[in-house]
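Visitor: Data file my_file-v7.pdb (PDB, C-alpha atoms, pLDDT in the B column) is appended below.
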```
ATOM      1  CA  ASP A   1     108.470  53.669 183.251  1.00 97.00           C
ATOM      2  CA  ILE A   2     108.502  57.400 182.574  1.00 98.00           C
ATOM      3  CA  GLN A   3     105.449  59.044 184.095  1.00 98.00           C
ATOM      4  CA  MET A   4     103.767  61.830 182.151  1.00 98.00           C
ATOM      5  CA  THR A   5     101.667  64.315 184.097  1.00 98.00           C
ATOM      6  CA  GLN A   6      99.371  66.787 182.397  1.00 98.00           C
ATOM      7  CA  SER A   7      97.777  69.887 183.832  1.00 98.00           C
ATOM      8  CA  PRO A   8      95.094  70.847 184.099  1.00 98.00           C
ATOM      9  CA  SER A   9      93.012  67.658 183.906  1.00 97.00           C
ATOM     10  CA  SER A  10      90.198  69.701 182.438  1.00 97.00           C
ATOM     11  CA  LEU A  11      89.467  73.267 181.484  1.00 97.00           C
ATOM     12  CA  SER A  12      86.580  75.341 180.227  1.00 97.00           C
ATOM     13  CA  ALA A  13      87.178  77.859 177.476  1.00 96.00           C
ATOM     14  CA  SER A  14      85.322  79.891 174.905  1.00 95.00           C
ATOM     15  CA  VAL A  15      85.669  79.968 171.149  1.00 96.00           C
ATOM     16  CA  GLY A  16      88.520  82.300 170.304  1.00 96.00           C
ATOM     17  CA  ASP A  17      90.386  81.793 173.573  1.00 96.00           C
ATOM     18  CA  ARG A  18      94.060  80.954 173.806  1.00 97.00           C
ATOM     19  CA  VAL A  19      94.515  77.671 175.661  1.00 97.00           C
ATOM     20  CA  THR A  20      97.702  76.209 177.116  1.00 98.00           C
ATOM     21  CA  ILE A  21      98.154  72.645 178.349  1.00 98.00           C
ATOM     22  CA  THR A  22     101.286  71.533 180.135  1.00 98.00           C
ATOM     23  CA  CYS A  23     102.937  68.130 180.284  1.00 98.00           C
ATOM     24  CA  ARG A  24     105.713  67.123 182.649  1.00 98.00           C
ATOM     25  CA  ALA A  25     107.879  64.016 182.363  1.00 98.00           C
ATOM     26  CA  SER A  26     109.255  62.227 185.422  1.00 98.00           C
ATOM     27  CA  GLN A  27     112.722  62.310 183.813  1.00 98.00           C
ATOM     28  CA  SER A  28     114.314  64.025 180.854  1.00 98.00           C
ATOM     29  CA  ILE A  29     112.958  62.926 177.471  1.00 97.00           C
ATOM     30  CA  SER A  30     114.880  65.468 175.369  1.00 96.00           C
ATOM     31  CA  THR A  31     112.355  66.547 172.724  1.00 96.00           C
ATOM     32  CA  TYR A  32     110.703  63.133 172.258  1.00 97.00           C
ATOM     33  CA  LEU A  33     107.219  64.345 173.028  1.00 98.00           C
ATOM     34  CA  ASN A  34     104.066  63.967 170.928  1.00 98.00           C
ATOM     35  CA  TRP A  35     100.593  65.446 171.295  1.00 98.00           C
ATOM     36  CA  TYR A  36      97.300  63.764 170.318  1.00 98.00           C
ATOM     37  CA  GLN A  37      93.698  64.942 170.125  1.00 98.00           C
ATOM     38  CA  GLN A  38      90.860  62.537 170.869  1.00 97.00           C
ATOM     39  CA  LYS A  39      87.156  63.219 170.435  1.00 96.00           C
ATOM     40  CA  PRO A  40      84.509  61.093 172.186  1.00 93.00           C
ATOM     41  CA  GLY A  41      84.165  57.663 170.626  1.00 92.00           C
ATOM     42  CA  LYS A  42      87.000  58.314 168.173  1.00 95.00           C
ATOM     43  CA  ASP A  43      90.605  57.236 167.810  1.00 96.00           C
ATOM     44  CA  PRO A  44      93.414  59.615 168.804  1.00 97.00           C
ATOM     45  CA  LYS A  45      94.796  61.875 166.083  1.00 97.00           C
ATOM     46  CA  VAL A  46      98.393  63.026 166.180  1.00 96.00           C
ATOM     47  CA  LEU A  47      98.796  66.799 166.215  1.00 97.00           C
ATOM     48  CA  ILE A  48     102.464  67.362 166.907  1.00 97.00           C
ATOM     49  CA  TYR A  49     105.578  65.172 166.798  1.00 93.00           C
ATOM     50  CA  THR A  50     108.888  65.580 168.541  1.00 93.00           C
ATOM     51  CA  THR A  51     107.827  68.559 170.616  1.00 90.00           C
ATOM     52  CA  SER A  52     107.044  71.055 167.859  1.00 91.00           C
ATOM     53  CA  SER A  53     106.622  69.458 164.401  1.00 92.00           C
ATOM     54  CA  LEU A  54     103.075  69.920 163.176  1.00 95.00           C
ATOM     55  CA  GLN A  55     101.527  66.857 161.545  1.00 93.00           C
ATOM     56  CA  SER A  56     100.460  67.462 157.954  1.00 93.00           C
ATOM     57  CA  GLY A  57      96.964  68.919 157.791  1.00 94.00           C
ATOM     58  CA  VAL A  58      96.888  70.171 161.383  1.00 96.00           C
ATOM     59  CA  PRO A  59      95.903  73.855 161.615  1.00 96.00           C
ATOM     60  CA  SER A  60      98.625  76.333 162.484  1.00 96.00           C
ATOM     61  CA  ARG A  61      96.700  77.527 165.552  1.00 97.00           C
ATOM     62  CA  PHE A  62      98.227  74.487 167.256  1.00 97.00           C
ATOM     63  CA  SER A  63     101.781  74.955 168.488  1.00 97.00           C
ATOM     64  CA  ALA A  64     103.980  73.345 171.078  1.00 97.00           C
ATOM     65  CA  SER A  65     107.325  73.749 172.758  1.00 97.00           C
ATOM     66  CA  GLY A  66     109.567  72.415 175.478  1.00 97.00           C
ATOM     67  CA  SER A  67     112.480  70.135 176.171  1.00 97.00           C
ATOM     68  CA  GLY A  68     113.800  67.964 178.943  1.00 97.00           C
ATOM     69  CA  THR A  69     110.904  67.484 181.329  1.00 98.00           C
ATOM     70  CA  ASP A  70     108.524  70.398 180.660  1.00 98.00           C
ATOM     71  CA  PHE A  71     106.353  70.836 177.588  1.00 98.00           C
ATOM     72  CA  THR A  72     103.376  72.914 176.500  1.00 98.00           C
ATOM     73  CA  LEU A  73     100.676  72.703 173.851  1.00 98.00           C
ATOM     74  CA  THR A  74      99.013  75.966 172.870  1.00 98.00           C
ATOM     75  CA  ILE A  75      95.848  76.470 170.864  1.00 97.00           C
ATOM     76  CA  SER A  76      95.665  80.056 169.636  1.00 96.00           C
ATOM     77  CA  GLY A  77      92.080  80.958 168.873  1.00 94.00           C
ATOM     78  CA  LEU A  78      90.058  77.949 170.012  1.00 96.00           C
ATOM     79  CA  GLN A  79      87.600  76.668 167.402  1.00 96.00           C
ATOM     80  CA  PRO A  80      84.416  74.621 167.982  1.00 94.00           C
ATOM     81  CA  GLU A  81      86.087  71.512 166.535  1.00 95.00           C
ATOM     82  CA  ASP A  82      88.936  71.777 169.083  1.00 96.00           C
ATOM     83  CA  PHE A  83      86.797  70.731 172.035  1.00 93.00           C
ATOM     84  CA  ALA A  84      88.295  67.334 172.806  1.00 97.00           C
ATOM     85  CA  THR A  85      90.724  65.552 175.099  1.00 97.00           C
ATOM     86  CA  TYR A  86      94.434  66.094 174.529  1.00 98.00           C
ATOM     87  CA  TYR A  87      97.166  63.617 175.449  1.00 98.00           C
ATOM     88  CA  CYS A  88     100.909  64.015 175.563  1.00 98.00           C
ATOM     89  CA  GLN A  89     103.083  60.941 174.958  1.00 98.00           C
ATOM     90  CA  GLN A  90     106.800  60.345 175.340  1.00 98.00           C
ATOM     91  CA  SER A  91     108.537  58.454 172.557  1.00 97.00           C
ATOM     92  CA  TYR A  92     111.952  58.558 174.240  1.00 97.00           C
ATOM     93  CA  THR A  93     112.023  55.064 175.657  1.00 96.00           C
ATOM     94  CA  THR A  94     110.162  51.774 175.999  1.00 96.00           C
ATOM     95  CA  PRO A  95     107.417  51.597 177.035  1.00 98.00           C
ATOM     96  CA  PRO A  96     106.043  54.773 175.477  1.00 98.00           C
ATOM     97  CA  THR A  97     103.714  56.372 177.995  1.00 98.00           C
ATOM     98  CA  PHE A  98     100.858  58.844 177.823  1.00 98.00           C
ATOM     99  CA  GLY A  99      99.658  61.603 180.080  1.00 98.00           C
ATOM    100  CA  GLN A 100      96.290  61.184 181.723  1.00 97.00           C
ATOM    101  CA  GLY A 101      94.677  63.639 179.338  1.00 98.00           C
ATOM    102  CA  THR A 102      93.322  67.180 179.435  1.00 98.00           C
ATOM    103  CA  LYS A 103      89.672  67.639 178.547  1.00 98.00           C
ATOM    104  CA  VAL A 104      88.906  70.964 176.866  1.00 98.00           C
ATOM    105  CA  GLU A 105      85.238  71.823 177.341  1.00 96.00           C
ATOM    106  CA  ILE A 106      83.029  74.639 176.160  1.00 88.00           C
ATOM    107  CA  LYS A 107      82.481  77.424 178.672  1.00 87.00           C
TER     108      LYS A 107
ATOM    109  CA  GLN B   1      96.148  56.922 152.890  1.00 88.00           C
ATOM    110  CA  VAL B   2      96.667  53.851 155.035  1.00 94.00           C
ATOM    111  CA  GLN B   3      93.648  52.525 156.915  1.00 97.00           C
ATOM    112  CA  LEU B   4      93.622  50.176 159.882  1.00 97.00           C
ATOM    113  CA  GLN B   5      90.686  48.042 161.002  1.00 98.00           C
ATOM    114  CA  GLU B   6      90.506  45.995 164.189  1.00 98.00           C
ATOM    115  CA  SER B   7      88.413  42.831 164.344  1.00 98.00           C
ATOM    116  CA  GLY B   8      87.677  40.180 166.921  1.00 97.00           C
ATOM    117  CA  PRO B   9      85.239  39.127 169.641  1.00 97.00           C
ATOM    118  CA  GLY B  10      83.682  41.888 171.695  1.00 96.00           C
ATOM    119  CA  LEU B  11      83.173  39.644 174.714  1.00 98.00           C
ATOM    120  CA  VAL B  12      85.742  37.400 176.356  1.00 98.00           C
ATOM    121  CA  LYS B  13      85.323  35.303 179.489  1.00 98.00           C
ATOM    122  CA  PRO B  14      87.664  35.764 182.463  1.00 98.00           C
ATOM    123  CA  SER B  15      90.800  33.587 182.314  1.00 97.00           C
ATOM    124  CA  GLU B  16      90.414  33.115 178.558  1.00 98.00           C
ATOM    125  CA  THR B  17      92.441  34.610 175.698  1.00 98.00           C
ATOM    126  CA  LEU B  18      91.622  37.876 173.969  1.00 98.00           C
ATOM    127  CA  SER B  19      92.456  37.675 170.251  1.00 98.00           C
ATOM    128  CA  LEU B  20      92.321  40.606 167.860  1.00 98.00           C
ATOM    129  CA  THR B  21      93.452  41.179 164.291  1.00 98.00           C
ATOM    130  CA  CYS B  22      94.309  44.443 162.577  1.00 98.00           C
ATOM    131  CA  SER B  23      93.916  44.618 158.803  1.00 98.00           C
ATOM    132  CA  VAL B  24      95.997  47.208 156.980  1.00 97.00           C
ATOM    133  CA  SER B  25      94.787  48.632 153.681  1.00 96.00           C
ATOM    134  CA  GLY B  26      95.974  51.423 151.419  1.00 94.00           C
ATOM    135  CA  GLY B  27      99.596  50.689 152.133  1.00 91.00           C
ATOM    136  CA  SER B  28     102.099  47.952 152.802  1.00 89.00           C
ATOM    137  CA  ILE B  29     102.691  46.471 156.209  1.00 92.00           C
ATOM    138  CA  GLY B  30     106.378  46.445 155.394  1.00 88.00           C
ATOM    139  CA  ALA B  31     108.968  48.767 156.974  1.00 84.00           C
ATOM    140  CA  TYR B  32     106.704  50.010 159.758  1.00 92.00           C
ATOM    141  CA  TYR B  33     106.223  49.213 163.415  1.00 95.00           C
ATOM    142  CA  TRP B  34     102.683  48.114 164.295  1.00 97.00           C
ATOM    143  CA  SER B  35     101.431  48.681 167.803  1.00 98.00           C
ATOM    144  CA  TRP B  36      98.453  47.869 169.962  1.00 98.00           C
ATOM    145  CA  VAL B  37      97.228  50.525 172.382  1.00 98.00           C
ATOM    146  CA  ARG B  38      94.287  50.155 174.741  1.00 98.00           C
ATOM    147  CA  GLN B  39      92.009  52.508 176.616  1.00 97.00           C
ATOM    148  CA  PRO B  40      89.798  51.351 179.499  1.00 96.00           C
ATOM    149  CA  PRO B  41      86.400  53.076 179.517  1.00 94.00           C
ATOM    150  CA  GLY B  42      86.779  56.678 180.646  1.00 92.00           C
ATOM    151  CA  LYS B  43      90.522  56.328 181.169  1.00 94.00           C
ATOM    152  CA  GLY B  44      93.813  57.056 179.441  1.00 95.00           C
ATOM    153  CA  LEU B  45      95.922  55.260 176.857  1.00 97.00           C
ATOM    154  CA  GLU B  46      98.256  52.314 177.489  1.00 98.00           C
ATOM    155  CA  TRP B  47     100.732  50.915 174.974  1.00 98.00           C
ATOM    156  CA  ILE B  48     100.648  47.122 174.819  1.00 98.00           C
ATOM    157  CA  GLY B  49     103.444  46.371 172.388  1.00 98.00           C
ATOM    158  CA  TYR B  50     104.625  46.460 168.793  1.00 97.00           C
ATOM    159  CA  ILE B  51     105.552  44.050 166.041  1.00 96.00           C
ATOM    160  CA  TYR B  52     107.806  44.880 163.123  1.00 94.00           C
ATOM    161  CA  TYR B  53     106.979  43.453 159.706  1.00 91.00           C
ATOM    162  CA  THR B  54     109.903  41.059 160.091  1.00 91.00           C
ATOM    163  CA  GLY B  55     108.190  39.564 163.142  1.00 93.00           C
ATOM    164  CA  SER B  56     110.379  41.091 165.824  1.00 93.00           C
ATOM    165  CA  THR B  57     108.395  42.252 168.841  1.00 96.00           C
ATOM    166  CA  ARG B  58     108.611  44.382 171.944  1.00 96.00           C
ATOM    167  CA  TYR B  59     106.039  44.363 174.715  1.00 98.00           C
ATOM    168  CA  ASN B  60     105.114  46.548 177.652  1.00 98.00           C
ATOM    169  CA  PRO B  61     106.808  44.937 180.676  1.00 97.00           C
ATOM    170  CA  SER B  62     103.550  45.279 182.609  1.00 97.00           C
ATOM    171  CA  LEU B  63     101.837  42.889 180.167  1.00 98.00           C
ATOM    172  CA  LYS B  64     104.764  40.972 178.727  1.00 97.00           C
ATOM    173  CA  SER B  65     103.976  37.661 180.421  1.00 97.00           C
ATOM    174  CA  ARG B  66     100.506  37.558 178.845  1.00 98.00           C
ATOM    175  CA  VAL B  67     101.021  39.090 175.377  1.00 98.00           C
ATOM    176  CA  THR B  68     101.870  37.547 172.036  1.00 98.00           C
ATOM    177  CA  MET B  69     101.841  39.368 168.700  1.00 98.00           C
ATOM    178  CA  SER B  70     102.188  37.988 165.202  1.00 98.00           C
ATOM    179  CA  VAL B  71     102.211  39.333 161.656  1.00 97.00           C
ATOM    180  CA  ASP B  72     101.035  37.943 158.326  1.00 96.00           C
ATOM    181  CA  THR B  73     102.607  39.999 155.558  1.00 94.00           C
ATOM    182  CA  THR B  74     100.783  38.042 152.839  1.00 94.00           C
ATOM    183  CA  LYS B  75      97.452  39.214 154.254  1.00 95.00           C
ATOM    184  CA  ASN B  76      98.683  42.637 155.408  1.00 96.00           C
ATOM    185  CA  GLN B  77      97.508  41.825 158.913  1.00 97.00           C
ATOM    186  CA  PHE B  78      98.912  41.630 162.414  1.00 98.00           C
ATOM    187  CA  SER B  79      97.408  40.152 165.540  1.00 98.00           C
ATOM    188  CA  LEU B  80      97.292  40.407 169.324  1.00 98.00           C
ATOM    189  CA  ASN B  81      96.748  37.619 171.832  1.00 98.00           C
ATOM    190  CA  LEU B  82      96.337  38.495 175.505  1.00 98.00           C
ATOM    191  CA  ASN B  83      95.848  35.497 177.779  1.00 97.00           C
ATOM    192  CA  SER B  84      94.431  35.028 181.270  1.00 98.00           C
ATOM    193  CA  VAL B  85      92.242  38.106 180.949  1.00 98.00           C
ATOM    194  CA  THR B  86      90.397  39.727 183.836  1.00 98.00           C
ATOM    195  CA  ALA B  87      87.886  42.552 184.088  1.00 98.00           C
ATOM    196  CA  ALA B  88      90.841  44.950 184.201  1.00 97.00           C
ATOM    197  CA  ASP B  89      91.518  44.106 180.548  1.00 98.00           C
ATOM    198  CA  THR B  90      88.166  45.542 179.488  1.00 98.00           C
ATOM    199  CA  ALA B  91      89.040  48.366 177.123  1.00 98.00           C
ATOM    200  CA  VAL B  92      88.866  49.771 173.634  1.00 98.00           C
ATOM    201  CA  TYR B  93      91.770  48.220 171.757  1.00 98.00           C
ATOM    202  CA  TYR B  94      93.395  50.241 168.977  1.00 98.00           C
ATOM    203  CA  CYS B  95      95.935  49.157 166.405  1.00 98.00           C
ATOM    204  CA  SER B  96      98.297  51.855 165.219  1.00 98.00           C
ATOM    205  CA  ARG B  97     101.297  52.485 163.003  1.00 96.00           C
ATOM    206  CA  GLY B  98     104.646  53.753 164.084  1.00 93.00           C
ATOM    207  CA  LYS B  99     105.726  56.598 161.860  1.00 74.00           C
ATOM    208  CA  SER B 100     108.598  55.767 159.565  1.00 69.00           C
ATOM    209  CA  GLY B 101     111.838  56.423 161.417  1.00 75.00           C
ATOM    210  CA  SER B 102     110.283  56.358 164.857  1.00 88.00           C
ATOM    211  CA  MET B 103     108.440  53.366 166.205  1.00 93.00           C
ATOM    212  CA  TYR B 104     106.604  55.346 168.892  1.00 96.00           C
ATOM    213  CA  ASN B 105     105.251  58.199 166.769  1.00 95.00           C
ATOM    214  CA  PHE B 106     101.769  56.856 166.055  1.00 96.00           C
ATOM    215  CA  ASP B 107     100.587  58.471 162.838  1.00 93.00           C
ATOM    216  CA  SER B 108      97.666  56.203 161.917  1.00 95.00           C
ATOM    217  CA  TRP B 109      95.118  54.482 164.122  1.00 97.00           C
ATOM    218  CA  GLY B 110      92.230  52.114 163.684  1.00 98.00           C
ATOM    219  CA  LEU B 111      88.799  53.104 164.918  1.00 97.00           C
ATOM    220  CA  GLY B 112      89.181  50.810 167.899  1.00 98.00           C
ATOM    221  CA  THR B 113      87.176  47.846 169.125  1.00 98.00           C
ATOM    222  CA  LEU B 114      85.649  47.464 172.571  1.00 98.00           C
ATOM    223  CA  VAL B 115      86.494  44.215 174.306  1.00 98.00           C
ATOM    224  CA  THR B 116      84.570  43.403 177.462  1.00 98.00           C
ATOM    225  CA  VAL B 117      85.792  40.727 179.843  1.00 98.00           C
ATOM    226  CA  SER B 118      82.828  39.201 181.603  1.00 97.00           C
ATOM    227  CA  SER B 119      81.308  35.813 182.310  1.00 96.00           C
TER     228      SER B 119
END
```
With the file now loaded, output its structure as structure tokens.
Guide:
Amino acid sequence: DIQMTQSPSSLSASVGDRVTITCRASQSISTYLNWYQQKPGKDPKVLIYTTSSLQSGVPSRFSASGSGTDFTLTISGLQPEDFATYYCQQSYTTPPTFGQGTKVEIK
Amino acid sequence: QVQLQESGPGLVKPSETLSLTCSVSGGSIGAYYWSWVRQPPGKGLEWIGYIYYTGSTRYNPSLKSRVTMSVDTTKNQFSLNLNSVTAADTAVYYCSRGKSGSMYNFDSWGLGTLVTVSS
């Protein structure tokens, strides 16, 4: 299985901050990388497909980049509703695997 | 807007079979890949497997020996059976849809259902 490793595991930030989360794959996954947001007690919501394609309805303050093994998710201007846990997921091969999550908390 | 809803027992005894159903509304079950994903309390996400509307399946090798999925296109439902469960199978179980054109881009999810394995 391809292992996905996110860093940091958690971070504290203030409203308006720029936040960057990284995701590393244990082998090359080209650009087959998705990002999800999950709030407590809720189902995950897809934010970004295939490295950088924003899901319809997702605010433009979310952006992402990368290829091969290294990827980043950036939130430019953190909003109160963005405090959540973020997961990366590779869709390159079976089984699809997720990172362990990055919890974004209020400073 | 497609909606997914999981249903099934919230408590299963060790060594027994966990059975869940996902009902799909607001859209057809056809031409999509339908997955189950689980999340143990306080932990990350694990893909269990998918079923295509034709009935073809693919499972996570880590669970393959214990998993069976089925689909009922007349009811717009698909199901998960996981046998010989242990406490390690305690989790919130989600059903999800693979985005058209890519089976592992999960664009819609159910709200999830907590299944506890305990005697």
Visitor: Just give me the residues with any atom within 10 Å of (91.4, 66.1, 186.0), file coordinates, counting only C-alpha atoms, written as a PDB file with C-alpha atoms, in the coordinates of the input.
Guide:
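The resulting file, selection_16.pdb, is shown below:
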```
ATOM      1  CA  GLN A   6      99.371  66.787 182.397  1.00 98.00           C
ATOM      2  CA  SER A   7      97.777  69.887 183.832  1.00 98.00           C
ATOM      3  CA  PRO A   8      95.094  70.847 184.099  1.00 98.00           C
ATOM      4  CA  SER A   9      93.012  67.658 183.906  1.00 97.00           C
ATOM      5  CA  SER A  10      90.198  69.701 182.438  1.00 97.00           C
ATOM      6  CA  LEU A  11      89.467  73.267 181.484  1.00 97.00           C
ATOM      7  CA  GLN A 100      96.290  61.184 181.723  1.00 97.00           C
ATOM      8  CA  GLY A 101      94.677  63.639 179.338  1.00 98.00           C
ATOM      9  CA  THR A 102      93.322  67.180 179.435  1.00 98.00           C
ATOM     10  CA  LYS A 103      89.672  67.639 178.547  1.00 98.00           C
TER      11      LYS A 103
END
```
Visitor: Show which residues sit within 9 Å of Ser79 (chain B), as number ranges by chain. Count all atoms listed in the file, and ignore same-chain residues fewer than 5 positions away.
Guide: B: 19-23, 36, 68-72
Visitor: For each of A:Tyr32, A:Ser14, A:Pro59, A:Thr85, take the minimum atom-to-atom distance to Met103 (chain B), counting all atoms listed in the file, then give the residue where this is smallest.
Guide: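 Nearest candidate to Met103 (chain B) out of A:Tyr32, A:Ser14, A:Pro59, A:Thr85: A:Tyr32.
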Visitor: Give the centre and edge lengths of an axis-aligned box, in Å to one decimal, that holds all listed atoms of region 83-92 of chain A with 4 Å on each side, as AutoDock Vina command-line options.
Guide:
```
--center_x 99.4 --center_y 64.6 --center_z 173.8 --size_x 33.2 --size_y 20.3 --size_z 11.5
```
Visitor: Select, as a tab-separated table (two decimals) with C-alpha atoms, keeping the file's coordinate frame, those residues of chain B with any atom no more than 6 Å from chain A (distances computed using all atoms listed in the file).
Guide:
```
chain	number	residue	atom	x	y	z
B	44	GLY	CA	93.81	57.06	179.44
B	60	ASN	CA	105.11	46.55	177.65
B	104	TYR	CA	106.60	55.35	168.89
B	111	LEU	CA	88.80	53.10	164.92
```
